[in-house]
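Engineer: Sending over structure38.cif (mmCIF, C-alpha atoms).
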data_data
loop_
_atom_site.label_atom_id
_atom_site.label_comp_id
_atom_site.auth_asym_id
_atom_site.auth_seq_id
_atom_site.Cartn_x
_atom_site.Cartn_y
_atom_site.Cartn_z
CA MET A 1 -31.52 -7.84 1.50
CA LEU A 2 -28.82 -9.09 -0.89
CA ASN A 3 -30.36 -7.15 -3.78
CA ASN A 4 -30.53 -4.05 -1.60
CA GLN A 5 -26.87 -4.44 -0.60
CA LYS A 6 -25.75 -4.90 -4.19
CA ALA A 7 -27.77 -1.91 -5.42
CA ASN A 8 -26.34 0.35 -2.70
CA VAL A 9 -22.76 -0.80 -3.28
CA ASP A 10 -23.07 -0.37 -7.06
CA GLU A 11 -24.30 3.18 -6.53
CA ASN A 12 -21.43 3.84 -4.12
CA PHE A 13 -18.98 2.57 -6.75
CA LYS A 14 -20.31 5.02 -9.34
CA LYS A 15 -20.24 8.01 -6.99
CA ALA A 16 -16.78 7.17 -5.58
CA ARG A 17 -15.35 6.75 -9.08
CA ARG A 18 -16.75 10.12 -10.18
CA LYS A 19 -15.40 11.74 -7.02
CA ALA A 20 -11.92 10.32 -7.64
CA TYR A 21 -11.88 11.45 -11.28
CA SER A 22 -12.96 14.94 -10.24
CA ILE A 23 -9.76 15.49 -8.23
CA PHE A 24 -7.27 14.14 -10.78
CA GLY A 25 -6.41 17.70 -11.81
CA SER A 26 -5.08 18.52 -8.33
CA GLY A 27 -2.19 16.10 -8.72
CA TYR A 28 -4.12 13.07 -7.49
CA LYS A 29 -1.84 10.70 -9.41
CA GLY A 30 1.36 12.29 -8.11
CA GLN A 31 2.27 14.13 -11.30
CA ALA A 32 1.95 17.70 -10.03
CA GLY A 33 4.41 17.61 -7.16
CA LEU A 34 1.79 16.52 -4.64
CA ASN A 35 3.34 14.17 -2.08
CA VAL A 36 1.81 10.76 -1.48
CA LEU A 37 0.68 11.69 2.04
CA SER A 38 -1.50 14.49 0.62
CA ILE A 39 -2.84 12.21 -2.10
CA ILE A 40 -3.84 9.55 0.45
CA HIS A 41 -5.47 12.26 2.55
CA LEU A 42 -7.51 13.36 -0.49
CA TYR A 43 -8.61 9.77 -1.03
CA LYS A 44 -9.61 9.30 2.63
CA SER A 45 -11.43 12.64 2.78
CA TYR A 46 -13.29 12.71 -0.54
CA VAL A 47 -13.49 9.21 -2.03
CA LEU A 48 -13.63 6.77 0.88
CA PRO A 49 -16.66 8.30 2.69
CA VAL A 50 -18.64 8.05 -0.55
CA LEU A 51 -17.54 4.46 -1.12
CA LEU A 52 -18.55 3.34 2.39
CA TYR A 53 -21.71 5.40 2.77
CA GLY A 54 -24.40 3.47 4.65
CA LEU A 55 -22.52 0.15 4.70
CA GLU A 56 -22.33 0.04 8.50
CA LEU A 57 -26.11 -0.63 8.42
CA LEU A 58 -26.08 -3.09 5.52
CA LEU A 59 -23.00 -5.07 6.64
CA PRO A 60 -22.43 -6.56 3.16
CA PRO A 61 -21.30 -10.20 2.81
CA GLU A 62 -17.76 -11.30 1.99
CA ARG A 63 -18.34 -11.36 -1.77
CA ILE A 64 -19.32 -7.68 -1.85
CA ILE A 65 -16.58 -6.70 0.58
CA ASN A 66 -14.03 -8.33 -1.74
CA CYS A 67 -15.31 -6.14 -4.58
CA LEU A 68 -14.91 -3.06 -2.38
CA GLU A 69 -11.40 -4.16 -1.40
CA ALA A 70 -10.48 -4.60 -5.07
CA PHE A 71 -11.82 -1.12 -5.82
CA GLN A 72 -9.70 0.46 -3.06
CA ARG A 73 -6.55 -1.45 -3.98
CA LYS A 74 -6.89 -0.51 -7.64
CA PHE A 75 -7.19 3.18 -6.82
CA VAL A 76 -4.24 3.13 -4.43
CA LYS A 77 -2.15 1.43 -7.11
CA GLU A 78 -3.18 4.18 -9.50
CA ILE A 79 -2.14 6.78 -6.93
CA LEU A 80 1.29 5.17 -6.49
CA ARG A 81 1.57 4.26 -10.21
CA LEU A 82 1.99 0.58 -9.45
CA PRO A 83 1.02 -2.31 -11.78
CA ASP A 84 -2.01 -4.49 -11.08
CA ASN A 85 0.17 -7.47 -10.06
CA THR A 86 1.53 -5.63 -7.00
CA ALA A 87 1.10 -7.70 -3.81
CA ASN A 88 -1.97 -6.65 -1.84
CA ALA A 89 0.02 -6.42 1.40
CA ALA A 90 2.27 -3.79 -0.23
CA VAL A 91 -0.71 -1.50 -0.82
CA TYR A 92 -1.51 -1.38 2.90
CA LEU A 93 2.14 -1.14 4.00
CA LEU A 94 2.79 1.82 1.71
CA SER A 95 -0.44 3.73 2.24
CA GLY A 96 -1.29 2.91 5.85
CA LEU A 97 -4.94 2.46 4.83
CA LEU A 98 -7.13 0.00 6.68
CA PRO A 99 -8.83 -2.76 4.65
CA ILE A 100 -12.42 -1.97 3.73
CA GLU A 101 -13.70 -4.71 6.03
CA ALA A 102 -11.99 -3.11 9.01
CA GLN A 103 -13.39 0.33 8.21
CA ILE A 104 -16.94 -1.01 7.95
CA HIS A 105 -16.49 -2.79 11.28
CA ILE A 106 -15.33 0.42 12.98
CA GLN A 107 -18.35 2.30 11.66
CA ALA A 108 -20.74 -0.48 12.74
CA LEU A 109 -19.28 -0.65 16.26
CA THR A 110 -19.46 3.14 16.57
CA PHE A 111 -23.13 3.07 15.51
CA LEU A 112 -23.81 0.30 18.03
CA HIS A 113 -22.50 2.56 20.79
CA THR A 114 -24.89 5.29 19.62
CA ILE A 115 -27.82 2.87 20.00
CA CYS A 116 -26.65 1.69 23.42
CA SER A 117 -26.45 5.33 24.55
CA GLN A 118 -30.13 5.95 23.80
CA ASP A 119 -32.75 6.32 26.51
CA ARG A 120 -34.02 3.00 27.90
CA ASN A 121 -37.56 3.88 26.80
CA SER A 122 -36.57 4.59 23.19
CA ILE A 123 -37.55 2.40 20.24
CA GLU A 124 -33.90 1.77 19.42
CA TRP A 125 -33.19 0.42 22.89
CA ALA A 126 -36.30 -1.79 22.84
CA LEU A 127 -35.24 -3.21 19.45
CA LEU A 128 -31.71 -3.91 20.72
CA GLU A 129 -33.00 -5.65 23.85
CA ARG A 130 -35.44 -7.82 21.91
CA GLN A 131 -32.92 -8.82 19.22
CA ILE A 132 -30.16 -9.92 21.58
CA SER A 133 -32.66 -11.76 23.77
CA PHE A 134 -34.50 -13.80 21.13
CA LYS A 135 -32.23 -14.12 18.10
CA SER A 136 -29.82 -17.06 17.76
CA VAL A 137 -26.14 -16.71 16.85
CA ASP A 138 -26.95 -17.87 13.29
CA SER A 139 -29.47 -15.08 12.74
CA SER A 140 -29.00 -12.45 10.04
CA SER A 141 -30.10 -9.76 12.48
CA TRP A 142 -27.90 -6.65 12.41
CA PHE A 143 -27.27 -6.88 16.16
CA ILE A 144 -26.18 -10.52 15.91
CA GLN A 145 -23.83 -9.70 13.02
CA VAL A 146 -22.29 -6.92 15.11
CA GLN A 147 -21.96 -9.41 17.95
CA HIS A 148 -19.80 -11.59 15.68
CA ILE A 149 -17.69 -8.52 14.89
CA MET A 150 -17.19 -7.88 18.61
CA TRP A 151 -16.12 -11.48 19.15
CA LYS A 152 -13.66 -11.17 16.28
CA TYR A 153 -11.87 -8.28 17.99
CA GLU A 154 -12.39 -9.61 21.54
CA LEU A 155 -14.58 -6.67 22.56
CA GLY A 156 -17.07 -8.61 24.67
CA THR A 157 -20.79 -8.88 23.96
CA VAL A 158 -23.52 -6.49 22.86
CA ALA A 159 -25.39 -7.18 26.13
CA ASP A 160 -22.38 -6.16 28.22
CA LEU A 161 -21.96 -2.96 26.18
CA ALA A 162 -25.66 -2.15 26.61
CA ASP A 163 -25.52 -2.66 30.38
CA ASN A 164 -22.25 -0.79 30.89
CA THR A 165 -21.97 1.77 28.09
CA PRO A 166 -18.71 3.76 28.30
CA LYS A 167 -18.29 7.29 27.04
CA LYS A 168 -18.07 7.63 23.28
CA GLY A 169 -14.41 8.66 23.26
CA LYS A 170 -13.36 5.77 25.47
CA TRP A 171 -15.31 3.24 23.37
CA LYS A 172 -13.92 4.60 20.11
CA THR A 173 -10.36 4.39 21.45
CA ARG A 174 -10.93 0.81 22.54
CA VAL A 175 -12.40 -0.16 19.16
CA LEU A 176 -9.60 1.47 17.16
CA LYS A 177 -6.95 -0.18 19.31
CA ALA A 178 -8.51 -3.64 18.90
CA VAL A 179 -9.13 -3.28 15.14
CA HIS A 180 -5.68 -1.82 14.43
CA SER A 181 -3.96 -4.54 16.44
CA TYR A 182 -5.85 -7.30 14.65
CA TRP A 183 -5.16 -6.05 11.13
CA SER A 184 -1.55 -5.12 11.89
CA ASP A 185 -0.90 -8.74 12.84
CA GLN A 186 -2.76 -9.98 9.76
CA ILE A 187 -0.86 -7.84 7.26
CA ASP A 188 2.55 -8.22 8.93
CA SER A 189 2.11 -11.99 8.76
CA LEU A 190 1.50 -11.79 5.00
CA THR A 191 4.60 -9.74 4.11
CA PRO A 192 7.18 -12.57 4.49
CA LEU A 193 5.09 -14.79 2.21
CA TYR A 194 5.76 -12.54 -0.82
CA SER A 195 9.25 -12.79 -2.32
CA THR A 196 8.60 -9.49 -4.12
CA LEU A 197 8.31 -7.63 -0.78
CA PHE A 198 11.89 -8.34 0.31
CA PHE A 199 12.67 -4.61 0.66
CA LEU A 200 9.62 -4.09 2.91
CA ARG A 201 10.27 -6.87 5.40
CA GLN A 202 11.82 -4.54 7.97
CA ASP A 203 8.78 -2.27 7.91
CA LYS A 204 5.72 -2.81 10.07
CA TYR A 205 2.18 -1.99 9.04
CA VAL A 206 0.85 0.88 11.15
CA PRO A 207 -2.75 1.83 10.34
CA GLY A 208 -3.01 5.50 9.45
CA LYS A 209 0.77 5.88 8.99
CA ILE A 210 2.17 6.08 5.49
CA LEU A 211 5.62 4.62 4.80
CA PRO A 212 8.21 7.26 5.89
CA LEU A 213 9.98 7.58 2.54
CA LEU A 214 6.64 8.40 0.84
CA SER A 215 5.61 11.09 3.33
CA LEU A 216 8.28 13.64 2.38
CA GLU A 217 7.53 16.97 0.68
CA TYR A 218 8.66 16.12 -2.84
CA THR A 219 9.00 18.61 -5.68
CA ALA A 220 7.32 17.86 -9.01
CA ARG A 221 10.57 16.43 -10.37
CA GLU A 222 11.21 14.29 -7.27
CA SER A 223 7.62 13.05 -7.37
CA GLU A 224 8.10 11.86 -10.93
CA ARG A 225 11.33 10.08 -9.96
CA LEU A 226 9.55 8.24 -7.15
CA LYS A 227 7.90 5.80 -9.56
CA THR A 228 11.10 3.80 -10.16
CA LYS A 229 11.87 3.55 -6.45
CA VAL A 230 8.38 2.42 -5.48
CA ARG A 231 8.44 -0.30 -8.14
CA LEU A 232 11.80 -1.59 -6.93
CA LEU A 233 10.48 -1.40 -3.36
CA THR A 234 7.44 -3.54 -4.19
CA GLY A 235 9.32 -5.95 -6.46
CA THR A 236 7.37 -4.94 -9.57
CA TYR A 237 10.23 -3.37 -11.53
CA MET A 238 10.60 -5.62 -14.58
CA LEU A 239 14.17 -6.96 -14.73
CA GLN A 240 15.26 -9.93 -16.83
CA THR A 241 15.29 -12.34 -13.88
CA LYS A 242 11.74 -11.34 -13.01
CA ARG A 243 10.62 -11.76 -16.61
CA LYS A 244 12.05 -15.28 -16.56
CA ASN A 245 10.35 -16.18 -13.27
CA PHE A 246 6.94 -14.89 -14.30
CA ASN A 247 6.88 -15.80 -17.99
CA GLN A 248 5.73 -18.97 -19.67
CA TYR A 249 8.43 -18.64 -22.35
CA ASP A 250 12.15 -19.36 -22.01
CA ILE A 251 13.54 -15.90 -21.19
CA ASN A 252 17.27 -15.29 -20.91
CA PRO A 253 17.86 -13.74 -17.44
CA THR A 254 21.23 -12.25 -18.48
CA CYS A 255 21.51 -8.46 -18.48
CA GLN A 256 20.83 -7.24 -22.02
CA MET A 257 23.03 -4.17 -21.59
CA CYS A 258 26.34 -5.62 -20.37
CA GLY A 259 25.78 -9.37 -20.84
CA GLU A 260 27.98 -10.13 -17.82
CA GLU A 261 25.54 -11.75 -15.35
CA ASN A 262 21.88 -12.19 -14.50
CA GLU A 263 20.00 -8.92 -14.25
CA THR A 264 18.91 -8.84 -10.60
CA ALA A 265 18.11 -5.73 -8.58
CA GLU A 266 21.63 -5.82 -7.14
CA HIS A 267 23.18 -6.01 -10.60
CA PHE A 268 20.98 -3.25 -11.99
CA VAL A 269 21.52 -0.79 -9.13
CA LEU A 270 25.16 -1.46 -8.17
CA LYS A 271 27.05 -3.61 -10.67
CA CYS A 272 26.00 -3.19 -14.31
CA SER A 273 29.03 -1.80 -16.17
CA ALA A 274 26.83 -0.24 -18.87
CA LEU A 275 25.32 2.06 -16.21
CA HIS A 276 28.61 2.88 -14.45
CA SER A 277 28.82 6.48 -15.68
CA VAL A 278 25.33 7.32 -14.36
CA ARG A 279 25.95 5.56 -11.07
CA GLN A 280 29.39 7.03 -10.39
CA SER A 281 28.33 10.69 -10.60
CA ILE A 282 25.41 10.33 -8.18
CA MET A 283 26.99 7.88 -5.73
CA VAL A 284 29.40 10.64 -4.69
CA ASP A 285 26.47 12.69 -3.33
CA ILE A 286 24.96 9.62 -1.65
CA GLU A 287 28.23 8.70 0.05
CA ARG A 288 28.71 12.28 1.26
CA GLN A 289 25.19 12.51 2.71
CA TRP A 290 25.48 9.07 4.30
CA GLY A 291 28.72 10.11 6.00
CA ALA A 292 27.12 13.32 7.28
CA ILE A 293 24.28 11.37 8.89
CA THR A 294 26.05 8.26 10.21
CA GLU A 295 29.72 9.34 10.35
CA THR A 296 30.61 6.08 8.59
CA SER A 297 31.58 5.15 5.04
CA PHE A 298 28.86 3.89 2.73
CA ASN A 299 31.39 1.96 0.62
CA THR A 300 32.42 -0.25 3.56
CA LEU A 301 28.91 -1.71 3.88
CA PRO A 302 28.14 -5.14 2.36
CA VAL A 303 26.69 -4.94 -1.14
CA ASP A 304 23.30 -6.37 -0.11
CA GLU A 305 23.02 -3.78 2.67
CA GLN A 306 23.93 -0.97 0.27
CA LEU A 307 21.18 -2.12 -2.08
CA TYR A 308 18.60 -2.26 0.73
CA ILE A 309 19.51 1.26 1.89
CA LEU A 310 19.32 2.75 -1.60
CA ILE A 311 15.82 1.33 -2.08
CA ASN A 312 14.47 1.67 1.48
CA SER A 313 16.77 3.64 3.75
CA TRP A 314 14.57 4.52 6.74
CA PRO A 315 14.81 1.16 8.61
CA THR A 316 18.58 1.82 8.80
CA LEU A 317 18.63 5.60 9.17
CA LYS A 318 16.01 5.73 11.94
CA THR A 319 18.72 4.81 14.45
CA PHE A 320 20.62 7.99 13.50
CA LEU A 321 17.76 10.47 12.98
CA LYS A 322 15.01 11.59 15.33
CA THR A 323 12.31 11.86 12.69
CA HIS A 324 11.73 10.92 9.07
CA LEU A 325 10.73 14.54 8.42
CA SER A 326 14.31 15.76 8.94
CA SER A 327 16.07 17.60 6.13
CA GLU A 328 18.96 15.09 6.26
CA PHE A 329 16.65 12.19 5.45
CA HIS A 330 14.96 14.15 2.67
CA GLU A 331 18.34 15.01 1.14
CA PHE A 332 19.48 11.38 1.25
CA GLU A 333 16.24 10.16 -0.30
CA LYS A 334 16.49 12.84 -2.99
CA HIS A 335 19.89 11.51 -4.10
CA CYS A 336 18.66 7.89 -3.99
CA GLY A 337 15.69 8.88 -6.14
CA ARG A 338 18.03 10.61 -8.62
CA LEU A 339 20.17 7.47 -8.82
CA LEU A 340 17.35 5.00 -9.40
CA TYR A 341 15.54 7.24 -11.85
CA GLY A 342 18.76 7.92 -13.79
CA LEU A 343 19.55 4.21 -13.96
CA ASP A 344 16.04 3.47 -15.19
CA ARG A 345 16.09 6.13 -17.92
CA THR A 346 19.52 5.06 -19.16
CA ARG A 347 18.48 1.40 -19.11
CA GLN A 348 15.40 2.14 -21.21
CA LEU A 349 17.46 4.09 -23.75
CA LEU A 350 20.08 1.33 -23.99
CA LEU A 351 17.43 -1.37 -24.45
CA VAL A 352 15.77 0.61 -27.24
CA THR A 353 19.15 1.22 -28.91
CA ASN A 354 20.14 -2.44 -28.67
CA ALA A 355 16.78 -3.52 -30.10
CA SER A 356 17.15 -1.17 -33.08
CA GLN A 357 20.64 -2.49 -33.84
CA ARG A 358 19.59 -6.13 -34.01
CA PRO A 359 19.40 -7.56 -37.55
CA PRO A 360 15.86 -7.93 -38.88
CA ARG A 361 14.31 -11.37 -38.73
CA THR A 362 14.21 -12.97 -42.22
CA LYS A 363 11.86 -15.69 -43.36
CA HIS A 364 14.75 -18.16 -43.26
CA THR A 365 15.47 -17.18 -39.65
CA GLN A 366 11.82 -17.53 -38.68
CA LYS A 367 11.63 -21.03 -40.24
CA THR A 368 14.84 -22.05 -38.52
CA ASN A 369 13.49 -20.84 -35.18
#
Could you show the structure in this file as structure tokens?
Structural biologist:
Amino acid sequence: MLNNQKANVDENFKKARRKAYSIFGSGYKGQAGLNVLSIIHLYKSYVLPVLLYGLELLLPPERIINCLEAFQRKFVKEILRLPDNTANAAVYLLSGLLPIEAQIHIQALTFLHTICSQDRNSIEWALLERQISFKSVDSSSWFIQVQHIMWKYELGTVADLADNTPKKGKWKTRVLKAVHSYWSDQIDSLTPLYSTLFFLRQDKYVPGKILPLLSLEYTARESERLKTKVRLLTGTYMLQTKRKNFNQYDINPTCQMCGEENETAEHFVLKCSALHSVRQSIMVDIERQWGAITETSFNTLPVDEQLYILINSWPTLKTFLKTHLSSEFHEFEKHCGRLLYGLDRTRQLLLVTNASQRPPRTKHTQKTN
């Protein structure tokens, strides 16, 4: 059985990888103006069914499921252009995708309902009745494994479902509600444990719902600018303070452009004097759009709140707007994207210029060091 599971999963990997590569030309990696919502839909429609084909019958063990989870997370990070060290919880918060384990469970429970709906004289029904009557809870029988899944989501027993089989639509709604509730609690409980997900702590994981700021209809230029914002949002944008925290060497956390204070996200976005000219020209548009939406002044907000809004504005703006699909929200996000992308490009240019102006390291300097 284990060999059969591994062989099937390996084949699914190959086919899913080929399917994903085949749609790269359509803007699959967000470089052709395709919004993230459409990209995720492509993944769910073309790649995921291939990856999960037949697994509701095999019910692979945890080791294989972990490999499938890693495969999905890697591809979603490729879609969003995120580094490999991005927190796993961020992948689900941003994309709204269910973990692979949850999707296999939904398929298995749906297939169980199909068996329970068969005629009482059918072979499938006779097999179900025999298995749940004679097999112990430690058995590797498919029906017993599905029983454990039902217990996990508090859906009762296989015997109860067989005796009182609801309509397919009602059962599917019940299963989705139970599975979504369970995994929402699991992922929401993980978010506060990651210091890098500070800007996502006000967002809740909703299965099937992509993060509002990623679901907008972006142009090709805006889509390209989104990379900087998503990295700041997930805490993977590499600032000096982050390099110091996650580096084995003694890294100076001071901003290499202005040298005034430690280079934190707040310093980079709002305070660095070397980036003042870029910031000043775009902040005018942001302040104007903020005033049009909230009828308040953006400049009067505390600095930490300004930073949070510039990186993830919807948790604040949702009290003023009816939907995240409104043109006002899109306009505000467009200006925020311009700001963060402009700051990033200017920072990269300044760092390259500063590095080229440093005196070359001599042999005497190397020996002294």
Engineer: Going by the chain IDs and residue numbers used in this file, which residues fall under the PyMOL selection byres ((chain A and resi 20) around 12)? Write them as a ChimeraX atom specification.
Structural biologist: /A:13-19,21-29,39-40,42-51,71-72,74-76,78-79
Engineer: Any chance you could work out the residue set of the PyMOL selection byres ((chain A and resi 206-218) around 8) here, as a PyMOL selection string?
Structural biologist: chain A and resi 33-37+93-98+180+184+204-205+219-223+312-314+324-325+330+333
Engineer: Using all atoms listed in the file, which protein or nucleic acid residues come within 10 Å of A:Ala292? Drop anything in the same chain fewer than 6 positions from it, and give the result as a list in words.
Structural biologist: Ile286, Glu328 and Phe332 of chain A
Engineer: Enumerate, as JSON, numbers by chain, the residues matched when the PyMOL selection byres ((chain A and resi 164-176) around 12) is run on the file above.
Structural biologist: {"A": [98, 102, 103, 105, 106, 107, 108, 109, 110, 111, 112, 113, 114, 115, 116, 117, 118, 119, 149, 150, 151, 152, 153, 154, 155, 156, 157, 158, 159, 160, 161, 162, 163, 177, 178, 179, 180, 181, 182, 183, 184, 207, 208]}
Engineer: One decimal, Å: what's the distance from atom CA of A:Cys255 over to atom CA of A:Lys271, could you say?
Structural biologist: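 Those two atoms sit 10.7 Å apart.
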Engineer: One decimal, Å: what's the distance from atom CA of A:Glu124 over to atom CA of A:Pro60, could you say?
Structural biologist: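 Between atom CA of A:Glu124 and atom CA of A:Pro60 the gap is 21.6 Å.
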Engineer: Which is closer to A:Leu233 than all the others in A:Tyr249, A:Tyr308, A:Tyr194, A:Phe134, using all atoms listed in the file?
Structural biologist: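 Among the listed residues, the smallest separation from A:Leu233 belongs to A:Tyr308.
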Engineer: Calculated over all atoms listed in the file, which of the candidates A:Pro315, A:Pro99, A:Gly342, A:Gly259 has the smallest distance to A:Leu52?
Structural biologist: A:Pro99
Engineer: Using only C-alpha atoms, can you tell me which of A:Leu275, A:Leu200, A:Leu82, A:Leu270 comes closest to A:Thr236?
Structural biologist: A:Leu82
